[in-house]
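Chemist: final-v2.csv is reproduced in full below (CSV, C-alpha atoms and all ligand atoms).
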```csv
chain,number,residue,atom,x,y,z
S,23,MET,CA,-39.8,45.9,71.8
S,24,ASP,CA,-42.0,47.2,69.0
S,25,CYS,CA,-43.3,45.1,66.1
S,26,TYR,CA,-40.6,44.9,63.5
S,27,LEU,CA,-43.0,45.5,60.6
S,28,CYS,CA,-45.5,48.1,61.9
S,29,SER,CA,-43.6,49.5,64.9
S,30,GLU,CA,-46.7,49.2,67.2
S,31,PRO,CA,-45.6,48.4,70.8
S,32,MET,CA,-45.8,44.7,71.4
S,33,THR,CA,-48.1,43.5,74.2
S,34,PRO,CA,-48.9,40.0,75.4
S,35,GLN,CA,-52.3,40.6,73.6
S,36,ASN,CA,-51.0,41.4,70.2
S,37,ASP,CA,-47.8,39.2,70.2
S,38,SER,CA,-47.9,36.6,67.4
S,39,GLY,CA,-45.7,33.7,68.5
S,40,GLU,CA,-44.1,33.6,65.1
S,41,HIS,CA,-42.1,30.4,64.1
S,42,ILE,CA,-38.5,31.2,63.3
S,43,ILE,CA,-38.6,28.6,60.5
S,44,PRO,CA,-42.1,28.2,59.1
S,45,ASN,CA,-44.0,25.4,60.8
S,46,SER,CA,-45.3,24.2,57.4
S,47,ILE,CA,-41.8,22.8,56.6
S,48,GLY,CA,-41.2,21.6,60.1
S,49,GLY,CA,-39.9,24.6,62.1
S,50,MET,CA,-40.8,24.3,65.8
S,51,ARG,CA,-39.3,27.1,67.7
S,52,GLU,CA,-41.4,30.3,68.2
S,53,VAL,CA,-40.2,33.8,68.9
S,54,LYS,CA,-42.1,36.3,71.0
S,55,GLY,CA,-41.9,40.1,70.7
S,56,PHE,CA,-40.9,40.1,67.0
S,57,ILE,CA,-43.9,40.9,65.0
S,58,CYS,CA,-47.5,41.6,66.0
S,59,ARG,CA,-50.4,39.3,65.3
S,60,ALA,CA,-51.9,41.6,62.7
S,61,CYS,CA,-48.6,41.8,60.7
S,62,ASN,CA,-48.1,38.1,61.0
S,63,GLY,CA,-51.6,37.5,59.7
S,64,LYS,CA,-51.0,39.9,56.7
S,65,ALA,CA,-47.4,39.8,55.5
S,66,GLY,CA,-45.8,37.1,57.5
S,67,GLU,CA,-48.2,34.3,56.7
S,68,ALA,CA,-48.4,35.3,53.0
S,69,TRP,CA,-44.6,35.2,52.6
S,70,ASP,CA,-44.3,31.9,54.5
S,71,ALA,CA,-47.3,30.5,52.5
S,72,ASP,CA,-45.4,31.1,49.3
S,73,LEU,CA,-42.3,29.4,50.7
S,74,ALA,CA,-44.4,26.5,52.0
S,75,LYS,CA,-46.0,26.1,48.6
S,76,GLN,CA,-42.7,25.8,46.8
S,77,LEU,CA,-41.3,23.4,49.4
S,78,ASN,CA,-44.4,21.4,50.0
S,79,LYS,CA,-43.3,18.4,47.9
S,80,LEU,CA,-40.1,18.2,49.9
S,81,ALA,CA,-42.1,18.5,53.1
S,82,LEU,CA,-44.2,15.5,52.0
S,83,PHE,CA,-41.3,13.5,50.8
S,84,PHE,CA,-39.4,13.9,54.0
S,85,ARG,CA,-42.6,13.5,56.1
S,86,VAL,CA,-41.8,16.5,58.2
S,87,VAL,CA,-43.1,16.6,61.8
S,88,ARG,CA,-45.2,19.6,62.5
S,89,ASP,CA,-46.7,20.9,65.8
S,90,ARG,CA,-49.9,21.8,64.0
S,91,GLY,CA,-51.6,21.4,60.7
S,92,GLU,CA,-50.9,19.0,57.9
S,93,ASN,CA,-49.2,19.5,54.5
S,94,ARG,CA,-51.6,19.5,51.6
S,95,ALA,CA,-51.6,16.6,49.1
S,96,GLU,CA,-49.8,17.1,45.8
S,97,VAL,CA,-50.8,15.7,42.4
S,98,ILE,CA,-47.7,14.4,40.7
S,99,GLU,CA,-47.1,12.8,37.4
S,100,THR,CA,-44.8,9.9,36.8
S,101,SER,CA,-42.5,9.4,33.8
S,102,ALA,CA,-45.2,7.0,32.4
S,103,GLY,CA,-47.8,9.7,32.5
S,104,GLU,CA,-49.7,8.4,35.5
S,105,LYS,CA,-51.3,11.0,37.8
S,106,LEU,CA,-50.9,10.2,41.5
S,107,ILE,CA,-52.1,11.9,44.7
S,108,TYR,CA,-49.1,12.1,47.0
S,109,THR,CA,-49.6,12.6,50.8
S,110,LYS,CA,-47.4,12.1,53.7
S,111,SER,CA,-48.8,8.7,54.4
S,112,SER,CA,-50.2,7.4,51.1
S,113,LEU,CA,-49.9,7.3,47.3
S,114,LYS,CA,-53.1,7.0,45.4
S,115,PHE,CA,-54.1,7.0,41.8
S,116,PHE,CA,-55.6,10.4,40.9
S,117,ALA,CA,-58.5,8.9,38.9
S,118,PRO,CA,-60.0,5.4,39.0
S,119,VAL,CA,-59.8,3.4,35.8
S,120,ILE,CA,-63.2,2.3,34.4
S,121,LYS,CA,-63.1,0.0,31.4
S,122,LYS,CA,-66.3,-0.6,29.4
S,123,GLU,CA,-66.9,-3.5,27.1
S,124,VAL,CA,-70.1,-3.9,25.1
S,125,ARG,CA,-70.9,-7.5,24.3
S,126,GLU,CA,-73.8,-8.9,22.3
S,127,ASP,CA,-76.5,-8.8,25.0
S,128,SER,CA,-74.8,-7.0,27.8
S,129,VAL,CA,-72.3,-4.3,28.9
S,130,HIS,CA,-69.4,-5.2,31.1
S,131,PHE,CA,-67.4,-2.8,33.3
S,132,GLN,CA,-64.1,-3.4,34.9
S,133,ILE,CA,-63.4,-0.9,37.7
S,134,SER,CA,-60.0,-0.3,39.3
S,135,ALA,CA,-60.4,2.1,42.3
S,136,ASN,CA,-58.1,3.2,45.1
S,137,ASP,CA,-60.4,1.6,47.8
S,138,MET,CA,-63.8,0.0,48.4
S,139,ASN,CA,-65.4,3.4,49.1
S,140,GLN,CA,-64.4,4.7,45.8
S,141,ALA,CA,-65.5,1.5,44.1
S,142,ARG,CA,-68.9,1.8,45.7
S,143,GLN,CA,-69.3,5.4,44.5
S,144,ILE,CA,-68.5,4.4,41.0
S,145,ALA,CA,-70.8,1.4,41.0
S,146,THR,CA,-73.6,3.4,42.5
S,147,GLY,CA,-73.0,6.0,39.8
S,148,LEU,CA,-73.2,3.4,37.1
S,149,LYS,CA,-76.4,2.0,38.5
S,150,ARG,CA,-78.2,5.2,37.5
S,151,SER,CA,-77.5,4.4,33.8
S,152,TYR,CA,-77.7,0.6,34.3
S,153,PRO,CA,-80.5,0.0,36.8
S,154,THR,CA,-80.1,-3.8,36.7
S,155,LEU,CA,-76.6,-3.5,38.1
S,156,ASP,CA,-76.4,-5.2,41.6
S,157,VAL,CA,-74.0,-2.9,43.5
S,158,GLU,CA,-73.6,-5.1,46.5
S,159,LYS,CA,-73.0,-8.3,44.5
S,160,THR,CA,-70.5,-6.5,42.4
S,161,LEU,CA,-68.6,-5.2,45.4
S,162,ALA,CA,-68.7,-8.6,47.1
S,163,SER,CA,-66.8,-10.0,44.1
S,164,ALA,CA,-64.1,-7.3,44.2
S,165,THR,CA,-60.6,-8.3,45.0
S,166,THR,CA,-57.9,-6.0,46.4
S,167,GLN,CA,-54.3,-6.0,45.2
S,168,THR,CA,-51.3,-3.8,45.5
S,169,LYS,CA,-50.6,-1.7,42.4
S,170,TYR,CA,-47.4,0.1,41.9
S,171,PRO,CA,-47.0,3.0,39.5
S,172,ASP,CA,-45.4,2.0,36.2
S,173,GLY,CA,-43.2,5.2,35.9
S,174,TYR,CA,-40.8,7.1,38.1
S,175,PHE,CA,-41.7,10.2,40.0
S,176,ASN,CA,-41.0,13.4,38.3
S,177,PHE,CA,-40.2,15.9,41.0
S,178,GLU,CA,-39.8,19.3,39.5
S,179,PHE,CA,-38.5,21.9,41.8
S,180,SER,CA,-38.3,25.6,41.3
S,181,PHE,CA,-37.7,28.3,43.8
S,182,GLY,CA,-37.7,32.0,44.3
S,183,GLY,CA,-39.8,35.2,44.1
S,184,LEU,CA,-40.1,38.3,46.2
S,185,SER,CA,-42.3,36.9,49.0
S,186,VAL,CA,-40.1,33.8,49.4
S,187,GLY,CA,-37.1,36.1,49.7
S,188,LYS,CA,-38.9,38.1,52.4
S,189,SER,CA,-39.6,34.9,54.2
S,190,PHE,CA,-35.9,34.1,54.2
S,191,VAL,CA,-35.0,37.5,55.5
S,192,LYS,CA,-37.8,37.4,58.1
S,193,THR,CA,-36.4,34.1,59.4
S,194,ALA,CA,-32.9,35.7,60.0
S,195,LEU,CA,-34.5,38.7,61.7
S,196,ALA,CA,-36.6,36.5,63.9
S,197,LEU,CA,-33.5,34.8,65.1
S,198,LEU,CA,-31.8,38.1,65.9
S,199,SER,CA,-34.9,39.2,67.7
S,200,VAL,CA,-35.2,36.1,69.9
S,201,ASN,CA,-31.5,36.7,70.9
S,202,GLY,CA,-32.2,40.3,72.0
S,203,ILE,CA,-30.8,42.1,69.0
S,204,ASN,CA,-33.1,44.7,67.5
S,205,PRO,CA,-33.7,43.6,63.8
S,206,LYS,CA,-34.4,47.3,63.0
S,207,ILE,CA,-30.6,47.9,62.9
S,208,CYS,CA,-30.3,45.8,59.7
S,209,GLU,CA,-30.5,48.5,57.0
S,210,ARG,CA,-30.1,46.1,54.1
S,211,ALA,CA,-32.9,43.9,55.3
S,212,ASN,CA,-35.1,46.9,56.0
S,213,ALA,CA,-34.6,48.2,52.4
S,214,TYR,CA,-35.6,44.9,51.0
S,215,ILE,CA,-38.6,44.2,53.3
S,216,PHE,CA,-40.1,47.7,53.4
S,217,ASN,CA,-39.1,49.2,50.0
S,218,ASP,CA,-38.9,46.0,47.9
S,219,GLY,CA,-35.2,47.0,47.4
S,220,GLU,CA,-32.6,44.8,45.8
S,221,PRO,CA,-32.5,41.3,47.3
S,222,CYS,CA,-30.0,41.3,50.2
S,223,PHE,CA,-29.2,37.6,49.7
S,224,GLY,CA,-27.9,35.1,47.2
S,225,TYR,CA,-27.9,31.4,46.7
S,226,TYR,CA,-24.7,29.8,47.9
S,227,TYR,CA,-23.3,26.5,46.6
S,228,HIS,CA,-19.6,26.5,47.1
S,229,HIS,CA,-17.6,25.2,50.1
S,230,ASP,CA,-19.7,23.8,52.9
S,231,LEU,CA,-20.6,26.5,55.5
S,232,LEU,CA,-21.8,23.8,57.9
S,233,ILE,CA,-18.7,22.7,59.9
S,234,ASN,CA,-20.3,19.5,61.2
S,235,ARG,CA,-23.1,18.7,58.8
S,236,PRO,CA,-25.2,15.8,60.0
S,237,VAL,CA,-24.9,13.0,57.5
S,238,GLY,CA,-28.0,12.4,55.4
S,239,VAL,CA,-30.2,14.8,57.4
S,240,PRO,CA,-32.3,17.3,55.4
S,241,VAL,CA,-31.5,19.9,57.9
S,242,HIS,CA,-33.1,23.3,58.3
S,243,CYS,CA,-30.7,25.7,59.9
S,244,ILE,CA,-30.1,29.4,60.3
S,245,CYS,CA,-27.1,31.2,61.7
S,246,VAL,CA,-26.8,35.0,62.3
S,247,LYS,CA,-23.4,36.6,63.0
S,248,GLY,CA,-22.5,40.1,64.0
S,249,ASN,CA,-18.9,41.2,63.3
S,250,LYS,CA,-17.7,44.3,65.2
S,251,ALA,CA,-14.5,44.8,63.2
S,252,GLU,CA,-16.1,44.4,59.8
S,253,ARG,CA,-19.3,46.2,60.9
S,254,THR,CA,-21.5,43.4,59.3
S,255,VAL,CA,-24.4,41.3,60.3
S,256,GLN,CA,-24.7,38.3,58.0
S,257,ALA,CA,-26.9,35.2,58.0
S,258,TYR,CA,-26.8,31.7,56.5
S,259,LEU,CA,-30.0,29.8,55.9
S,260,GLU,CA,-30.6,26.2,54.7
S,261,TYR,CA,-33.9,24.4,54.0
S,262,PHE,CA,-33.8,20.6,53.7
S,263,GLY,CA,-30.0,20.9,53.3
S,264,VAL,CA,-30.6,21.8,49.6
S,265,VAL,CA,-31.8,25.4,49.6
S,266,ARG,CA,-28.7,27.4,50.7
S,267,ILE,CA,-28.7,31.1,51.1
S,268,VAL,CA,-26.3,33.8,52.4
S,269,ILE,CA,-28.0,37.0,53.6
S,270,SER,CA,-26.3,40.3,54.1
S,271,LEU,CA,-28.5,42.0,56.7
S,272,SER,CA,-26.3,45.0,57.6
S,273,ALA,CA,-23.0,46.6,56.6
S,274,ASN,CA,-23.3,49.4,59.1
S,275,TYR,CA,-23.3,47.4,62.3
S,276,GLU,CA,-22.1,49.2,65.5
S,277,GLY,CA,-22.5,46.5,68.2
S,278,ASP,CA,-20.4,43.7,69.6
S,279,ASP,CA,-19.5,40.4,68.0
S,280,PHE,CA,-22.2,37.7,68.3
S,281,LYS,CA,-23.2,34.4,66.7
S,282,HIS,CA,-26.5,32.6,67.2
S,283,SER,CA,-28.0,29.6,65.4
S,284,TYR,CA,-30.9,27.3,65.3
S,285,ALA,CA,-31.0,24.0,63.5
S,286,ILE,CA,-33.6,21.2,63.3
S,287,ASP,CA,-34.0,17.8,61.8
S,288,PRO,CA,-37.5,18.2,60.4
S,289,THR,CA,-38.0,14.4,59.9
S,290,LYS,CA,-37.9,14.1,63.7
S,291,GLY,CA,-38.9,17.5,64.9
S,292,GLN,CA,-35.7,17.7,67.0
S,293,GLU,CA,-33.3,20.5,67.4
S,294,ILE,CA,-29.7,19.6,66.5
S,295,THR,CA,-26.4,21.4,67.0
S,296,VAL,CA,-24.4,22.5,64.1
S,297,ASP,CA,-21.6,25.0,63.7
S,298,PHE,CA,-21.1,27.5,60.9
S,299,ASP,CA,-18.2,29.0,59.1
S,300,LEU,CA,-19.8,32.3,58.1
S,301,GLU,CA,-17.6,35.2,57.2
S,302,PHE,CA,-17.8,37.1,53.9
S,303,ASP,CA,-16.3,40.5,53.1
S,304,GLU,CA,-18.2,42.9,50.9
S,305,SER,CA,-16.6,41.6,47.7
S,306,GLY,CA,-17.6,38.0,48.7
S,307,VAL,CA,-21.2,39.2,49.3
S,308,LYS,CA,-21.2,40.9,45.9
S,309,GLN,CA,-20.0,37.6,44.2
S,310,ILE,CA,-22.8,35.7,46.0
S,311,TYR,CA,-25.4,38.1,44.7
S,312,GLU,CA,-24.0,37.7,41.2
S,313,TYR,CA,-24.3,33.9,41.4
S,314,GLN,CA,-20.5,33.4,41.4
S,315,PHE,CA,-20.7,30.9,44.2
S,316,TYR,CA,-23.2,28.7,42.4
S,317,ASP,CA,-21.4,25.4,41.6
S,318,SER,CA,-23.9,23.0,39.9
S,319,GLN,CA,-21.9,20.0,41.1
S,320,VAL,CA,-22.4,21.2,44.7
S,321,VAL,CA,-26.1,21.7,44.0
S,322,SER,CA,-26.4,18.1,42.7
S,323,ASP,CA,-24.4,16.7,45.6
S,324,ALA,CA,-26.5,18.5,48.1
S,325,TRP,CA,-29.7,16.9,46.7
S,326,HIS,CA,-28.2,13.4,46.5
S,327,THR,CA,-26.9,13.6,50.0
S,328,VAL,CA,-30.3,13.9,51.5
S,329,ILE,CA,-32.6,12.3,48.9
S,330,ARG,CA,-30.8,8.9,48.6
S,331,PRO,CA,-30.8,7.9,52.3
S,332,GLU,CA,-34.5,8.9,52.5
S,333,ILE,CA,-35.4,6.8,49.5
S,334,GLN,CA,-33.5,3.9,50.9
S,335,ARG,CA,-35.2,4.3,54.3
S,336,GLN,CA,-38.6,4.4,52.7
S,337,GLN,CA,-37.9,1.4,50.6
S,338,GLU,CA,-36.8,-0.6,53.7
S,339,GLN,CA,-39.9,0.6,55.5
S,340,HIS,CA,-42.1,-0.5,52.6
S,341,LEU,CA,-40.5,-4.0,52.5
S,342,GLU,CA,-41.3,-4.3,56.2
S,343,GLU,CA,-44.9,-3.4,55.5
S,344,VAL,CA,-45.2,-5.8,52.6
S,345,LEU,CA,-43.8,-8.7,54.7
S,346,GLY,CA,-46.1,-7.7,57.5
S,347,LYS,CA,-49.2,-7.7,55.3
S,348,SER,CA,-48.2,-10.9,53.7
S,349,ARG,CA,-47.8,-12.6,57.1
S,350,GLU,CA,-51.3,-11.3,58.1
S,351,ALA,CA,-52.8,-12.6,54.9
S,352,MET,CA,-51.3,-16.0,55.4
S,353,GLU,CA,-52.5,-16.2,59.0
S,354,ARG,CA,-56.0,-15.3,58.0
S,355,ARG,CA,-56.0,-17.8,55.2
S,356,PHE,CA,-54.7,-20.8,57.2
S,357,ALA,CA,-56.2,-19.9,60.5
S,358,GLY,CA,-57.6,-22.9,62.3
S,359,SER,CA,-56.3,-25.4,59.7
S,360,ASP,CA,-55.0,-28.6,61.2
S,361,HIS,CA,-53.2,-29.7,58.0
S,362,ILE,CA,-51.5,-27.2,55.8
S,363,ASP,CA,-50.8,-28.3,52.2
S,364,LEU,CA,-47.3,-27.3,51.4
S,365,GLU,CA,-48.0,-26.6,47.7
S,366,GLU,CA,-51.0,-24.5,48.6
S,367,PHE,CA,-49.0,-22.6,51.3
S,368,ILE,CA,-46.1,-21.8,48.9
S,369,ALA,CA,-48.5,-20.8,46.1
S,370,ALA,CA,-50.4,-18.5,48.5
S,371,TYR,CA,-47.2,-17.0,49.9
S,372,VAL,CA,-45.7,-16.3,46.5
S,373,ASP,CA,-49.1,-14.8,45.4
S,374,SER,CA,-49.1,-12.4,48.3
S,375,LEU,CA,-45.6,-11.2,47.5
S,376,THR,CA,-46.0,-11.1,43.7
S,377,PRO,CA,-46.9,-7.4,43.2
S,378,TYR,CA,-43.9,-6.4,45.3
S,379,ILE,CA,-41.5,-8.7,43.5
S,380,ARG,CA,-42.8,-7.6,40.1
S,381,HIS,CA,-42.3,-4.0,41.2
S,382,LEU,CA,-38.7,-4.7,42.2
S,383,ALA,CA,-38.1,-6.3,38.8
S,384,ASP,CA,-39.7,-3.5,36.9
S,385,SER,CA,-37.8,-0.8,38.8
S,386,GLY,CA,-34.5,-2.7,38.3
S,387,ARG,CA,-33.9,-3.3,42.0
S,388,MET,CA,-34.4,-7.1,41.9
S,389,ARG,CA,-30.7,-7.8,42.4
S,390,ASP,CA,-30.3,-5.5,45.4
S,391,LYS,CA,-33.0,-7.3,47.4
I,1,ZN,ZN,-47.1,44.8,63.4
```
Spell out the structure here as structure tokens.

Modeler:
Amino acid sequence: MDCYLCSEPMTPQNDSGEHIIPNSIGGMREVKGFICRACNGKAGEAWDADLAKQLNKLALFFRVVRDRGENRAEVIETSAGEKLIYTKSSLKFFAPVIKKEVREDSVHFQISANDMNQARQIATGLKRSYPTLDVEKTLASATTQTKYPDGYFNFEFSFGGLSVGKSFVKTALALLSVNGINPKICERANAYIFNDGEPCFGYYYHHDLLINRPVGVPVHCICVKGNKAERTVQAYLEYFGVVRIVISLSANYEGDDFKHSYAIDPTKGQEITVDFDLEFDESGVKQIYEYQFYDSQVVSDAWHTVIRPEIQRQQEQHLEEVLGKSREAMERRFAGSDHIDLEEFIAAYVDSLTPYIRHLADSGRMRDK
């Protein structure tokens, strides 16, 4: 086959190994013989990069599994105005807090940093202005404690744009290509991709097009369907179970019936099997384009269905970590003691759990736990 984008004949040398669903959000399966390396480097990656940028917070939140690369950290702001650096495995304060207090004959600093390295950098910096500061002594007296943000996370999510639309359509065409159907037959997709024509897709939040939706899974899935009688090729695409799109690739199709799909649980990097109920006539397609199948209740349910179980999972995981750390701290503290004073033990144990318990109380989850 020739490259879909530039029509150069594909060879093993110029084949790109394009991911059907971008790897940046957890897509794993690659397609050969679809677009050449040069086109993938120019157009393909630019379109997917825009998509990845818009979905990056979700990719971090769901801790998607990738076969290469890492998702970049995001700076997010809580409802209390705190700025945090959010990565797949950690949550850090954006800026350390340095409090300065001038007393009669001296200046005192209180430093809250994310870790000892950061504390050392700050103390070293301060020494330039205050040469009598003993950095090592200061760091030796530092204590570590768990600090939770005071506010809630504000996740704002907006989605769209020409290149993101092209990334959607490319995903559908890649799935056609890997199943031996020449994507060039899709005149509507071609007009959009090559001539920046009218979008050949619309957001779809109406009845569930997934017949056996996996419960609580932020699924990525794509289905392409050719209908001989209706002469249509249509696609349905979902990202994280919340971005839901119907694509009308062709209304001029002359081949046989077909239906192909690819679905993945991006939190595990595992392919899953789902079935689709995809069949729209031309008036249905028009209604989708005009946002007539955009039910805000369905949008809200779609989010809740995947976000809630993940939050619960992460909270349970965090509790395990807190208990594990507490156990380690107690073992260190009482290692080798023949006699353990009960009062001291209880005080130390409560002390090690206090930040967590306080956090539960502050976030109104005390009763649940
Ligand atoms: Zn090309």

Chemist: Which one of S:Asn176, S:Thr154, S:Asn62, S:Ser283 sits closest to ligand ZN 1 (chain I) if you count only C-alpha atoms and all ligand atoms?

Modeler: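 Ranking S:Asn176, S:Thr154, S:Asn62, S:Ser283 by distance to ligand ZN 1 (chain I), first place goes to S:Asn62.
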
Chemist: Write as a PyMOL selection string the residues around ligand ZN 1 (chain I), taking 9 Å as the cut-off and counting all atoms listed in the file.

Modeler: chain S and resi 24-32+36-37+56-62

Chemist: Any idea what the distance is between atom CA of S:His41 and atom CA of S:Ala196?

Modeler: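 Between atom CA of S:His41 and atom CA of S:Ala196 the gap is 8.2 Å.
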
Chemist: Env of S:Thr165: 10 Å cut, atoms = all atoms listed in the file, seq-sep filter 4 positions within chain, self excluded. Answer as a ChimeraX atom specification.

Modeler: /S:134,138,161

Chemist: Near S:Lys105, counting only C-alpha atoms, which residues have an atom at most 6 Å away, once you skip same-chain residues fewer than 6 positions from it, shown as a PyMOL selection string?

Modeler: chain S and resi 98-99+116

Chemist: Expressed in Å to a single decimal, how great is the separation between atom CA of S:Arg355 and atom CA of S:Ser112?

Modeler: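 Computed distance, atom CA of S:Arg355 to atom CA of S:Ser112, equals 26.2 Å.
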